[in-house]
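As provided, protein.txt (compact mmCIF, C-alpha atoms) reads as follows.
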```txt
# COMPACT_ATOMS: atom_id res chain seq x y z
CA MET A 1 0.00 0.00 0.00
CA LYS A 2 1.37 3.40 -0.94
CA VAL A 3 1.29 5.97 1.85
CA GLU A 4 1.47 9.59 0.74
CA PRO A 5 3.23 12.12 2.98
CA LEU A 6 2.30 15.75 3.42
CA LEU A 7 4.95 18.14 2.22
CA TYR A 8 6.20 21.04 4.35
CA GLY A 9 8.83 22.48 2.10
CA ASP A 10 11.49 19.76 1.88
CA ARG A 11 10.11 17.84 4.85
CA LYS A 12 7.89 14.80 4.30
CA VAL A 13 5.43 14.38 7.12
CA TYR A 14 3.05 11.46 7.69
CA THR A 15 -0.21 11.56 9.58
CA VAL A 16 -0.52 9.11 12.46
CA SER A 17 -3.06 7.16 10.48
CA ALA A 18 -0.83 7.00 7.42
CA PHE A 19 2.17 6.01 9.54
CA ASN A 20 0.25 3.22 11.26
CA ARG A 21 -1.14 2.03 7.98
CA GLY A 22 2.32 1.99 6.44
CA VAL A 23 3.92 0.08 9.31
CA ALA A 24 0.91 -2.25 9.48
CA SER A 25 1.28 -3.15 5.84
CA TRP A 26 4.98 -3.81 6.36
CA VAL A 27 4.33 -5.98 9.49
CA ALA A 28 1.61 -7.85 7.61
CA ARG A 29 4.25 -9.20 5.26
CA LEU A 30 5.87 -11.14 8.13
CA PRO A 31 5.14 -14.88 8.13
CA SER A 32 2.83 -16.61 10.61
CA ILE A 33 4.83 -18.26 13.39
CA TRP A 34 4.58 -20.17 16.69
CA VAL A 35 5.32 -18.28 19.90
CA GLU A 36 5.69 -19.83 23.35
CA GLY A 37 4.79 -17.98 26.54
CA GLU A 38 2.81 -17.83 29.72
CA VAL A 39 -0.79 -16.57 29.58
CA THR A 40 -1.47 -13.50 31.72
CA GLU A 41 -4.27 -10.92 31.84
CA PHE A 42 -6.64 -13.19 29.95
CA ARG A 43 -9.82 -11.20 29.01
CA ARG A 44 -12.92 -12.63 27.44
CA GLN A 45 -16.29 -10.89 27.47
CA GLN A 46 -19.59 -11.66 25.80
CA GLY A 47 -19.89 -8.34 24.00
CA TRP A 48 -16.38 -8.41 22.55
CA GLN A 49 -15.46 -9.54 19.08
CA SER A 50 -12.13 -10.89 20.27
CA VAL A 51 -10.53 -12.37 23.34
CA PHE A 52 -7.30 -10.81 24.55
CA PHE A 53 -4.40 -11.92 26.67
CA THR A 54 -0.75 -11.18 27.15
CA LEU A 55 1.95 -13.76 26.50
CA LYS A 56 4.78 -13.43 28.96
CA ASP A 57 8.30 -14.80 28.72
CA ALA A 58 8.89 -16.64 32.00
CA ALA A 59 12.61 -15.98 31.86
CA ASP A 60 12.71 -12.20 31.60
CA GLY A 61 9.08 -11.02 31.68
CA ALA A 62 9.00 -9.78 28.06
CA CYS A 63 5.37 -9.33 26.96
CA LEU A 64 3.39 -9.70 23.76
CA SER A 65 -0.28 -8.79 23.28
CA VAL A 66 -2.37 -11.49 21.67
CA SER A 67 -5.88 -11.33 20.32
CA MET A 68 -8.10 -13.96 18.76
CA PRO A 69 -11.60 -13.71 17.27
CA ARG A 70 -14.01 -14.87 19.94
CA GLY A 71 -15.80 -17.41 17.74
CA ARG A 72 -12.56 -19.06 16.77
CA PHE A 73 -11.35 -19.05 20.38
CA ASP A 74 -14.57 -20.62 21.67
CA GLY A 75 -14.28 -23.24 18.94
CA LEU A 76 -10.96 -24.42 20.42
CA ARG A 77 -12.74 -25.31 23.69
CA LEU A 78 -9.67 -24.34 25.66
CA ASP A 79 -9.86 -23.90 29.40
CA LEU A 80 -7.36 -21.08 29.13
CA ALA A 81 -6.28 -19.47 32.39
CA ASP A 82 -3.54 -17.19 33.63
CA GLY A 83 -0.32 -19.00 34.35
CA MET A 84 -0.68 -21.63 31.62
CA THR A 85 2.18 -22.01 29.21
CA VAL A 86 0.91 -22.15 25.62
CA HIS A 87 2.07 -22.20 22.03
CA VAL A 88 0.28 -19.59 19.93
CA PHE A 89 0.33 -19.77 16.14
CA GLY A 90 -0.34 -16.34 14.73
CA ARG A 91 0.39 -13.46 12.47
CA PRO A 92 2.21 -10.37 13.72
CA GLU A 93 0.12 -7.27 13.13
CA LEU A 94 -0.19 -3.66 14.02
CA TYR A 95 -3.60 -2.68 15.32
CA GLU A 96 -3.86 0.49 13.30
CA ALA A 97 -6.46 2.36 15.35
CA ARG A 98 -4.15 2.35 18.38
CA GLY A 99 -0.74 1.74 16.92
CA VAL A 100 -0.35 -1.38 19.02
CA PHE A 101 1.77 -4.28 17.92
CA GLN A 102 0.21 -7.65 18.60
CA LEU A 103 -0.03 -11.27 17.57
CA ARG A 104 -3.24 -12.19 15.77
CA ALA A 105 -3.76 -15.75 16.98
CA LEU A 106 -4.93 -18.38 14.55
CA SER A 107 -4.46 -21.29 16.95
CA ILE A 108 -3.57 -21.86 20.59
CA GLU A 109 -2.19 -25.08 22.07
CA PRO A 110 -1.57 -25.67 25.73
CA LEU A 111 1.87 -27.16 26.24
CA GLY A 112 1.70 -30.94 26.33
CA LEU A 113 3.69 -33.08 28.71
CA GLY A 114 6.38 -33.73 26.10
CA ALA A 115 6.84 -30.05 25.44
CA ILE A 116 6.93 -29.30 29.18
CA LEU A 117 9.57 -31.96 29.72
CA ALA A 118 11.60 -30.65 26.80
CA GLY A 119 11.33 -27.16 28.26
CA LEU A 120 12.49 -28.39 31.66
CA GLU A 121 15.41 -30.20 30.10
CA ARG A 122 16.42 -27.02 28.24
CA LEU A 123 16.16 -24.97 31.42
CA LYS A 124 18.14 -27.54 33.34
CA ARG A 125 20.95 -27.48 30.78
CA LYS A 126 20.97 -23.70 30.73
CA LEU A 127 21.15 -23.36 34.51
CA ALA A 128 23.73 -26.12 34.78
CA ALA A 129 25.86 -24.34 32.17
CA GLU A 130 25.64 -21.21 34.35
CA GLY A 131 27.05 -23.29 37.22
CA LEU A 132 23.95 -23.04 39.42
CA PHE A 133 24.07 -26.75 40.23
CA ALA A 134 27.84 -26.97 40.71
CA LEU A 135 28.99 -29.04 43.69
CA GLU A 136 31.43 -26.38 44.82
CA ARG A 137 28.47 -24.05 45.39
CA LYS A 138 26.99 -26.38 47.98
CA ARG A 139 27.34 -25.06 51.51
CA PRO A 140 27.51 -27.19 54.65
CA LEU A 141 24.45 -27.08 56.88
CA PRO A 142 24.88 -25.62 60.37
CA VAL A 143 25.05 -28.20 63.17
CA LEU A 144 22.88 -26.13 65.46
CA PRO A 145 20.83 -23.52 63.58
CA ARG A 146 19.55 -20.70 65.76
CA ARG A 147 16.31 -20.74 63.78
CA VAL A 148 15.12 -22.96 60.97
CA GLY A 149 13.12 -21.26 58.25
CA VAL A 150 10.39 -23.48 56.84
CA LEU A 151 8.73 -22.64 53.54
CA THR A 152 5.64 -24.73 53.00
CA GLY A 153 2.25 -24.78 51.36
CA ASN A 154 -0.96 -24.56 53.32
CA GLU A 155 -1.53 -28.30 53.10
CA ALA A 156 -0.88 -29.63 56.56
CA ALA A 157 0.87 -32.97 55.97
CA ALA A 158 4.36 -31.91 54.93
CA LYS A 159 4.56 -29.21 57.57
CA ARG A 160 3.28 -31.54 60.29
CA ASP A 161 5.71 -34.32 59.31
CA PHE A 162 8.59 -31.91 59.36
CA VAL A 163 7.72 -30.22 62.65
CA THR A 164 7.10 -33.56 64.37
CA ALA A 165 10.44 -34.95 63.18
CA VAL A 166 12.26 -31.80 64.30
CA GLN A 167 10.68 -31.91 67.74
CA THR A 168 11.56 -35.57 68.22
CA ARG A 169 15.23 -34.94 67.57
CA PHE A 170 15.60 -31.53 69.07
CA PRO A 171 12.54 -30.38 71.03
CA ALA A 172 13.97 -26.93 71.67
CA ALA A 173 14.58 -26.07 68.00
CA ASN A 174 13.25 -22.67 66.96
CA LEU A 175 11.22 -22.69 63.77
CA LEU A 176 9.99 -19.86 61.59
CA VAL A 177 7.26 -21.17 59.33
CA ALA A 178 6.21 -19.32 56.20
CA GLN A 179 3.21 -20.60 54.30
CA THR A 180 2.72 -19.54 50.74
CA TYR A 181 1.29 -20.66 47.41
CA VAL A 182 3.14 -23.73 46.23
CA GLN A 183 0.81 -24.56 43.38
CA GLY A 184 -0.63 -22.67 40.42
CA HIS A 185 0.65 -19.79 38.36
CA ALA A 186 1.23 -17.47 41.32
CA ALA A 187 3.38 -20.04 43.09
CA PRO A 188 6.82 -19.45 41.50
CA ALA A 189 6.92 -15.72 42.29
CA ALA A 190 5.43 -16.36 45.74
CA ILE A 191 7.97 -19.08 46.58
CA ALA A 192 10.90 -16.98 45.36
CA ALA A 193 9.74 -13.92 47.32
CA THR A 194 9.03 -15.93 50.48
CA LEU A 195 12.44 -17.55 50.29
CA GLN A 196 14.08 -14.13 50.20
CA THR A 197 11.92 -12.89 53.07
CA LEU A 198 12.79 -15.92 55.21
CA ALA A 199 16.51 -15.58 54.49
CA ARG A 200 16.43 -11.98 55.68
CA GLU A 201 14.77 -12.86 59.01
CA PRO A 202 17.20 -12.64 61.94
CA GLU A 203 18.86 -15.83 63.17
CA VAL A 204 17.54 -17.96 60.32
CA ASP A 205 20.59 -20.16 59.62
CA VAL A 206 19.00 -22.67 57.25
CA ILE A 207 15.81 -22.89 55.20
CA VAL A 208 13.80 -25.97 54.38
CA LEU A 209 11.68 -25.89 51.24
CA THR A 210 9.02 -28.50 51.74
CA ARG A 211 5.92 -29.64 49.96
CA GLY A 212 4.06 -32.91 50.05
CA GLY A 213 3.68 -35.19 47.08
CA GLY A 214 1.61 -34.17 44.10
CA SER A 215 1.20 -34.64 40.39
CA PHE A 216 3.96 -33.70 37.98
CA GLU A 217 2.10 -30.48 37.18
CA ASP A 218 1.59 -29.72 40.88
CA LEU A 219 5.33 -29.76 41.45
CA LEU A 220 6.17 -27.67 38.38
CA PRO A 221 6.53 -24.39 40.31
CA PHE A 222 9.56 -25.94 42.02
CA SER A 223 11.18 -26.28 38.61
CA ASP A 224 10.38 -22.70 37.66
CA GLU A 225 13.43 -20.67 36.75
CA ARG A 226 12.57 -17.97 39.30
CA VAL A 227 12.37 -20.51 42.11
CA VAL A 228 15.53 -22.34 41.06
CA ARG A 229 17.46 -19.07 40.91
CA ALA A 230 16.06 -17.91 44.25
CA VAL A 231 17.22 -21.19 45.83
CA ALA A 232 20.69 -20.91 44.26
CA GLU A 233 21.06 -17.27 45.31
CA CYS A 234 19.63 -17.69 48.80
CA ASP A 235 21.90 -16.19 51.49
CA VAL A 236 21.49 -19.15 53.83
CA PRO A 237 21.80 -22.86 52.97
CA VAL A 238 18.62 -24.40 51.55
CA VAL A 239 17.37 -27.95 51.97
CA SER A 240 14.92 -29.03 49.29
CA ALA A 241 12.33 -31.55 50.40
CA VAL A 242 9.75 -31.38 47.64
CA GLY A 243 7.43 -34.21 46.69
CA HIS A 244 8.43 -37.82 47.07
CA GLU A 245 11.66 -39.75 46.63
CA GLN A 246 11.19 -40.19 42.87
CA ASP A 247 10.48 -36.49 42.22
CA THR A 248 13.41 -34.29 41.33
CA PRO A 249 12.21 -30.78 40.61
CA LEU A 250 14.99 -28.48 39.41
CA CYS A 251 15.17 -26.74 42.79
CA ASP A 252 16.62 -29.98 44.15
CA HIS A 253 19.71 -29.43 42.00
CA ALA A 254 20.13 -25.83 43.11
CA ALA A 255 19.60 -26.56 46.81
CA ASP A 256 22.59 -27.16 49.06
CA VAL A 257 21.16 -30.48 50.13
CA ARG A 258 18.26 -32.52 48.80
CA ALA A 259 16.09 -34.48 51.22
CA SER A 260 13.77 -37.21 50.02
CA THR A 261 11.02 -36.42 52.54
CA PRO A 262 10.15 -33.73 55.09
CA THR A 263 11.19 -36.18 57.85
CA ALA A 264 14.59 -36.68 56.22
CA ALA A 265 14.93 -32.89 55.97
CA ALA A 266 14.37 -32.60 59.73
CA ARG A 267 17.19 -35.05 60.36
CA LEU A 268 19.46 -32.88 58.22
CA VAL A 269 18.73 -29.51 59.78
CA VAL A 270 18.60 -30.19 63.50
CA PRO A 271 20.93 -32.33 65.60
CA ASN A 272 19.84 -35.16 67.85
CA GLU A 273 19.93 -33.25 71.11
CA ARG A 274 20.61 -36.24 73.36
CA GLU A 275 23.52 -37.45 71.20
CA LEU A 276 24.95 -33.96 70.91
CA ARG A 277 24.88 -33.40 74.68
CA GLU A 278 26.49 -36.81 75.24
CA ARG A 279 29.25 -35.98 72.79
CA LEU A 280 29.85 -32.63 74.47
CA ASP A 281 30.01 -34.27 77.91
CA THR A 282 32.42 -36.90 76.60
CA GLY A 283 34.59 -34.08 75.28
CA ARG A 284 34.50 -32.34 78.63
CA THR A 285 35.52 -35.53 80.45
CA ALA A 286 38.40 -36.04 78.04
CA LEU A 287 39.37 -32.42 78.62
CA ALA A 288 39.57 -32.92 82.40
CA ARG A 289 41.40 -36.22 81.93
CA GLY A 290 43.93 -34.58 79.63
CA ALA A 291 44.52 -31.69 82.03
CA ASN A 292 44.91 -34.13 84.95
CA ALA A 293 47.38 -36.21 83.00
CA ALA A 294 49.45 -33.11 82.34
CA LEU A 295 49.27 -32.31 86.05
CA GLU A 296 50.38 -35.84 86.96
CA ARG A 297 53.25 -35.62 84.52
CA ALA A 298 54.36 -32.36 86.04
CA ARG A 299 54.00 -33.72 89.56
CA SER A 300 56.07 -36.84 88.95
CA SER A 301 58.79 -34.95 87.13
CA LEU A 302 58.87 -32.60 90.12
CA THR A 303 59.26 -35.59 92.46
CA ARG A 304 62.11 -36.92 90.36
CA ASP A 305 63.83 -33.54 90.50
CA ARG A 306 63.40 -33.40 94.25
CA GLU A 307 64.99 -36.82 94.71
CA ARG A 308 67.93 -35.88 92.58
CA LEU A 309 68.32 -32.71 94.60
CA ASP A 310 68.29 -34.71 97.83
CA ARG A 311 70.95 -37.06 96.59
CA ALA A 312 73.22 -34.34 95.28
CA PRO A 313 75.46 -33.57 98.40
CA ALA A 314 76.18 -37.25 99.17
CA LEU A 315 76.92 -37.74 95.51
CA LEU A 316 79.42 -34.91 95.59
CA VAL A 317 81.36 -36.44 98.56
CA GLU A 318 81.19 -39.82 96.80
CA ARG A 319 82.68 -38.33 93.71
CA LYS A 320 85.49 -36.60 95.62
CA ARG A 321 86.26 -39.76 97.54
CA ALA A 322 86.50 -41.71 94.33
CA GLY A 323 88.88 -39.10 92.96
CA LEU A 324 90.99 -39.37 96.07
CA ASP A 325 91.15 -43.17 95.84
CA GLY A 326 92.33 -42.85 92.30
CA LEU A 327 95.08 -40.52 93.35
CA ALA A 328 96.14 -42.90 96.15
CA GLY A 329 96.38 -45.72 93.64
CA ARG A 330 98.45 -43.70 91.28
CA LEU A 331 100.63 -42.59 94.22
CA GLN A 332 101.17 -46.14 95.30
CA ALA A 333 102.17 -47.20 91.82
CA LEU A 334 104.93 -44.63 91.94
CA SER A 335 106.33 -45.64 95.43
CA PRO A 336 109.73 -47.51 95.54
CA GLN A 337 108.35 -50.12 97.95
CA LYS A 338 107.72 -52.62 95.16
CA THR A 339 111.21 -52.18 93.82
CA LEU A 340 112.69 -52.74 97.25
CA ALA A 341 110.58 -55.89 97.63
CA ARG A 342 112.40 -57.35 94.64
CA GLY A 343 115.72 -57.14 96.61
CA TYR A 344 116.97 -53.64 95.89
CA ALA A 345 118.20 -51.35 98.64
CA ILE A 346 118.40 -47.58 98.95
CA VAL A 347 121.69 -46.23 100.27
CA ARG A 348 121.66 -42.79 101.81
CA THR A 349 124.21 -40.45 103.35
CA ASP A 350 123.51 -37.16 105.03
CA ASN A 351 123.61 -35.72 101.50
CA GLY A 352 120.77 -37.92 100.30
CA ILE A 353 120.41 -41.02 98.10
CA VAL A 354 123.71 -42.43 96.84
CA ARG A 355 123.68 -43.08 93.09
CA SER A 356 127.49 -43.33 92.50
CA SER A 357 130.43 -44.72 94.44
CA ALA A 358 132.05 -41.31 94.01
CA GLU A 359 129.60 -39.90 96.48
CA VAL A 360 131.06 -41.90 99.40
CA GLU A 361 134.42 -42.18 101.06
CA SER A 362 136.02 -45.38 102.46
CA GLY A 363 135.15 -45.65 106.07
CA SER A 364 132.17 -43.24 105.83
CA ARG A 365 128.88 -44.19 107.27
CA VAL A 366 125.81 -44.87 105.15
CA ASP A 367 122.24 -45.69 105.85
CA VAL A 368 120.72 -48.68 104.02
CA GLU A 369 116.97 -49.03 103.51
CA LEU A 370 115.48 -52.42 102.55
CA ALA A 371 111.95 -53.58 101.76
CA LYS A 372 111.72 -54.40 105.41
CA GLY A 373 113.71 -52.36 107.87
CA ARG A 374 116.99 -50.47 107.65
CA PHE A 375 120.51 -50.63 109.08
CA GLY A 376 123.65 -48.55 109.29
CA ALA A 377 126.92 -49.63 107.56
CA ARG A 378 130.49 -48.48 106.89
CA VAL A 379 132.06 -48.32 103.48
CA GLU A 380 134.94 -50.78 103.28
CA THR A 381 136.21 -50.37 99.78
CA LYS A 382 135.01 -48.62 96.74
CA SER A 383 135.71 -48.93 93.08
CA MET B 1 34.65 -13.40 74.19
CA THR B 2 32.79 -16.47 73.05
CA ASP B 3 29.36 -14.89 72.67
CA ASP B 4 29.71 -14.37 68.94
CA VAL B 5 31.32 -17.75 68.33
CA SER B 6 29.08 -20.13 66.42
CA PHE B 7 28.19 -23.50 67.89
CA GLU B 8 30.18 -25.23 65.13
CA ASP B 9 33.32 -23.19 65.73
CA ALA B 10 33.13 -23.66 69.50
CA ARG B 11 32.66 -27.40 69.15
CA ARG B 12 35.43 -27.75 66.61
CA GLU B 13 37.87 -25.86 68.86
CA LEU B 14 36.81 -27.95 71.85
CA GLU B 15 37.59 -31.12 69.89
CA GLN B 16 40.98 -29.75 68.85
CA ILE B 17 41.81 -28.87 72.44
CA VAL B 18 40.81 -32.33 73.66
CA ALA B 19 43.01 -33.90 70.97
CA LYS B 20 45.92 -31.67 71.94
CA LEU B 21 45.54 -32.52 75.63
CA GLU B 22 45.22 -36.21 74.89
CA GLY B 23 48.38 -36.01 72.79
CA GLY B 24 50.21 -35.37 76.07
CA GLN B 25 52.66 -32.87 74.57
CA ALA B 26 51.45 -29.83 76.45
CA SER B 27 53.38 -28.37 79.34
CA LEU B 28 51.52 -27.84 82.61
CA GLU B 29 50.93 -24.15 81.91
CA GLU B 30 49.66 -24.97 78.42
CA ALA B 31 47.52 -27.82 79.74
CA VAL B 32 45.88 -25.60 82.33
CA ALA B 33 45.27 -22.86 79.76
CA LEU B 34 43.82 -25.42 77.32
CA TRP B 35 41.61 -26.91 79.98
CA GLU B 36 40.27 -23.48 80.97
CA ARG B 37 39.60 -22.59 77.33
CA GLY B 38 37.97 -25.99 76.81
CA GLU B 39 35.65 -25.47 79.77
CA VAL B 40 34.62 -22.07 78.38
CA LEU B 41 33.91 -23.67 75.00
CA TYR B 42 31.98 -26.51 76.60
CA ARG B 43 29.82 -24.03 78.48
CA THR B 44 29.36 -21.98 75.29
CA CYS B 45 28.09 -25.05 73.43
CA VAL B 46 25.78 -26.19 76.21
CA GLY B 47 24.60 -22.60 76.63
CA LYS B 48 23.66 -22.44 72.97
CA LEU B 49 21.80 -25.74 73.27
CA ASP B 50 19.99 -24.45 76.34
CA ALA B 51 19.19 -21.15 74.63
CA ALA B 52 16.89 -22.79 72.07
CA GLN B 53 13.37 -22.41 73.33
CA GLY B 54 11.37 -24.52 70.95
CA LYS B 55 9.56 -21.51 69.54
CA ILE B 56 7.43 -22.09 66.46
CA GLU B 57 6.55 -18.81 64.81
CA GLU B 58 4.53 -18.10 61.71
CA LEU B 59 5.67 -15.67 59.08
CA GLY B 60 2.29 -15.82 57.32
CA LYS B 61 1.20 -12.23 57.38
CA ARG B 62 4.37 -10.69 56.00
CA VAL B 63 4.52 -13.31 53.27
CA GLN B 64 1.05 -12.38 52.07
CA GLU B 65 2.28 -8.80 51.72
CA ALA B 66 5.17 -10.03 49.66
CA GLN B 67 2.81 -11.39 47.03
CA PRO B 68 3.11 -9.79 43.59
```
Starting from the coordinates I provided, produce the structure as structure tokens.
Amino acid sequence: MKVEPLLYGDRKVYTVSAFNRGVASWVARLPSIWVEGEVTEFRRQQGWQSVFFTLKDAADGACLSVSMPRGRFDGLRLDLADGMTVHVFGRPELYEARGVFQLRALSIEPLGLGAILAGLERLKRKLAAEGLFALERKRPLPVLPRRVGVLTGNEAAAKRDFVTAVQTRFPAANLLVAQTYVQGHAAPAAIAATLQTLAREPEVDVIVLTRGGGSFEDLLPFSDERVVRAVAECDVPVVSAVGHEQDTPLCDHAADVRASTPTAAARLVVPNERELRERLDTGRTALARGANAALERARSSLTRDRERLDRAPALLVERKRAGLDGLAGRLQALSPQKTLARGYAIVRTDNGIVRSSAEVESGSRVDVELAKGRFGARVETKS
Amino acid sequence: MTDDVSFEDARRELEQIVAKLEGGQASLEEAVALWERGEVLYRTCVGKLDAAQGKIEELGKRVQEAQP
């Protein structure tokens, strides 16, 4: 379609109507395509020619207006409601009267199980690639949480199971229970927001996400990207106890620990009080024993020192005596007595021991010492 | 000095002290100091156990306000 501008000198100017018509004709040349999204703001009224709703991208909230002739819509016999994920086959168009871009729906299909599973698998791969499920992200759970945050639905069973199990193990545990929507289209945003609120509460050291069993669809909110991200980004460790053993919603992968049941979750988040007190008392006994042993060691080493101190003076005399005896021995070894015993004699004059005949005169008197006794003698001859 | 210590940290230190004392390497002064510290830690742990009051509170109202 040719759209004629108005001319203001050199400037071409289009009326709003002409502009819309021009863009509309350009948009109309786009092919019909399938679009996936979540239904919100669904509006259907008797007097209207068309039904309207907004398709929302669950990941980032991007929106697209959709309209469908009422007769055609009613013919599909869809029980369309907000929160449903659908595939819409339609033609992009510009609603000229208001300049609004929209998708003119030709067909609408609720997502089948296969498509939902495929979507979950895609989401799982995407989040895993981002590292949200990485083992090194997992945090240890506190041994003794000051308060345990509990996020649960308003169905009583899961909450009751959990609380009962907690009170059996640790009757004095402090719990902060937050009930919220865990099912339906409002659930993902509600769960994510409640998780954040719980994590910000004072003294909440761990949060348990719990929900009883349900159908695959019932548990879907726990695989919603918003919930999975909220679990991964939660400031305190999260235990996921959703559904039964065989269910593994995506939040299980993002949680720090997965519990198969609410009862198992209780065992993970609170200690067995009796066991814990016993262990502490055992530690205290060992502490006293260890300190006493050190005391005993010190005492006996002190006693040993004292004994050595007592013995020291006697030891000193002993040592000196031994030294003296040694000297006496050595002295004896040097004495001439042994030589004399072999038959030698020592001859002395007033000048001392005689070693040469030149030292004596004939007729002079000498003194002779033998091994036994001594006698005087006179020198007869000398040579 | 132990008020802000977490239960885990207190218990871990208590276990380390017990192991050290049982090792028998500590001098008397060290042993006495370890024992005193251990007693403080023991009382901290038991105190924290005793402090839990078994309160079950509901966060319901505020959560409703957090709805989109």
(request) Work out how far CA of Val236 in chain A is from CA of Val206 in chain A, in Å to one decimal. (result)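 CA of Val206 in chain A sits 5.5 Å away from CA of Val236 in chain A.
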Within 9 Å of chain A: residues of chain B, using only C-alpha atoms, as a PDB file with C-alpha atoms, in the coordinates of the input:
```
ATOM      1  CA  SER B   6      29.080 -20.130  66.420  1.00  0.00           C
ATOM      2  CA  PHE B   7      28.190 -23.500  67.890  1.00  0.00           C
ATOM      3  CA  GLU B   8      30.180 -25.230  65.130  1.00  0.00           C
ATOM      4  CA  ARG B  11      32.660 -27.400  69.150  1.00  0.00           C
ATOM      5  CA  LEU B  14      36.810 -27.950  71.850  1.00  0.00           C
ATOM      6  CA  GLU B  15      37.590 -31.120  69.890  1.00  0.00           C
ATOM      7  CA  ILE B  17      41.810 -28.870  72.440  1.00  0.00           C
ATOM      8  CA  VAL B  18      40.810 -32.330  73.660  1.00  0.00           C
ATOM      9  CA  ALA B  19      43.010 -33.900  70.970  1.00  0.00           C
ATOM     10  CA  LYS B  20      45.920 -31.670  71.940  1.00  0.00           C
ATOM     11  CA  LEU B  21      45.540 -32.520  75.630  1.00  0.00           C
ATOM     12  CA  GLU B  22      45.220 -36.210  74.890  1.00  0.00           C
ATOM     13  CA  GLY B  23      48.380 -36.010  72.790  1.00  0.00           C
ATOM     14  CA  GLY B  24      50.210 -35.370  76.070  1.00  0.00           C
ATOM     15  CA  GLN B  25      52.660 -32.870  74.570  1.00  0.00           C
ATOM     16  CA  ALA B  26      51.450 -29.830  76.450  1.00  0.00           C
ATOM     17  CA  SER B  27      53.380 -28.370  79.340  1.00  0.00           C
ATOM     18  CA  LEU B  28      51.520 -27.840  82.610  1.00  0.00           C
ATOM     19  CA  ALA B  31      47.520 -27.820  79.740  1.00  0.00           C
ATOM     20  CA  VAL B  32      45.880 -25.600  82.330  1.00  0.00           C
ATOM     21  CA  LEU B  34      43.820 -25.420  77.320  1.00  0.00           C
ATOM     22  CA  TRP B  35      41.610 -26.910  79.980  1.00  0.00           C
ATOM     23  CA  GLY B  38      37.970 -25.990  76.810  1.00  0.00           C
ATOM     24  CA  GLU B  39      35.650 -25.470  79.770  1.00  0.00           C
ATOM     25  CA  TYR B  42      31.980 -26.510  76.600  1.00  0.00           C
ATOM     26  CA  CYS B  45      28.090 -25.050  73.430  1.00  0.00           C
ATOM     27  CA  VAL B  46      25.780 -26.190  76.210  1.00  0.00           C
ATOM     28  CA  LYS B  48      23.660 -22.440  72.970  1.00  0.00           C
ATOM     29  CA  LEU B  49      21.800 -25.740  73.270  1.00  0.00           C
ATOM     30  CA  ASP B  50      19.990 -24.450  76.340  1.00  0.00           C
ATOM     31  CA  ALA B  51      19.190 -21.150  74.630  1.00  0.00           C
ATOM     32  CA  ALA B  52      16.890 -22.790  72.070  1.00  0.00           C
ATOM     33  CA  GLN B  53      13.370 -22.410  73.330  1.00  0.00           C
ATOM     34  CA  GLY B  54      11.370 -24.520  70.950  1.00  0.00           C
ATOM     35  CA  LYS B  55       9.560 -21.510  69.540  1.00  0.00           C
ATOM     36  CA  ILE B  56       7.430 -22.090  66.460  1.00  0.00           C
ATOM     37  CA  GLU B  57       6.550 -18.810  64.810  1.00  0.00           C
ATOM     38  CA  GLU B  58       4.530 -18.100  61.710  1.00  0.00           C
ATOM     39  CA  LEU B  59       5.670 -15.670  59.080  1.00  0.00           C
ATOM     40  CA  GLY B  60       2.290 -15.820  57.320  1.00  0.00           C
ATOM     41  CA  LYS B  61       1.200 -12.230  57.380  1.00  0.00           C
ATOM     42  CA  ARG B  62       4.370 -10.690  56.000  1.00  0.00           C
ATOM     43  CA  VAL B  63       4.520 -13.310  53.270  1.00  0.00           C
ATOM     44  CA  GLN B  64       1.050 -12.380  52.070  1.00  0.00           C
ATOM     45  CA  ALA B  66       5.170 -10.030  49.660  1.00  0.00           C
ATOM     46  CA  GLN B  67       2.810 -11.390  47.030  1.00  0.00           C
ATOM     47  CA  PRO B  68       3.110  -9.790  43.590  1.00  0.00           C
TER      48      PRO B  68
END
```
(message) Could you check the closest approach to Gly83 in chain A for each of A:Val347, A:Leu220, A:Val51, A:Val23 and tell me which residue wins, using only C-alpha atoms?
(response)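 Answer, going by the shortest atom-to-atom distance: A:Leu220.
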(request) Between CA of Thr40 in chain A and CA of Phe73 in chain A, measure the distance and give it in Å to one decimal. (result)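 Taking CA of Thr40 in chain A as the start and CA of Phe73 in chain A as the end point, the length is 16.0 Å.
Counting all atoms listed in the file, the residue from A:Pro110, A:Gly99, A:Gly37, A:Gly376 that sits nearest to Leu80 in chain A is A:Pro110.
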(request) Calculate how many Å separate CA of Asn351 in chain A from CA of Ala328 in chain A, rounding to one decimal. (result) 28.9 Å
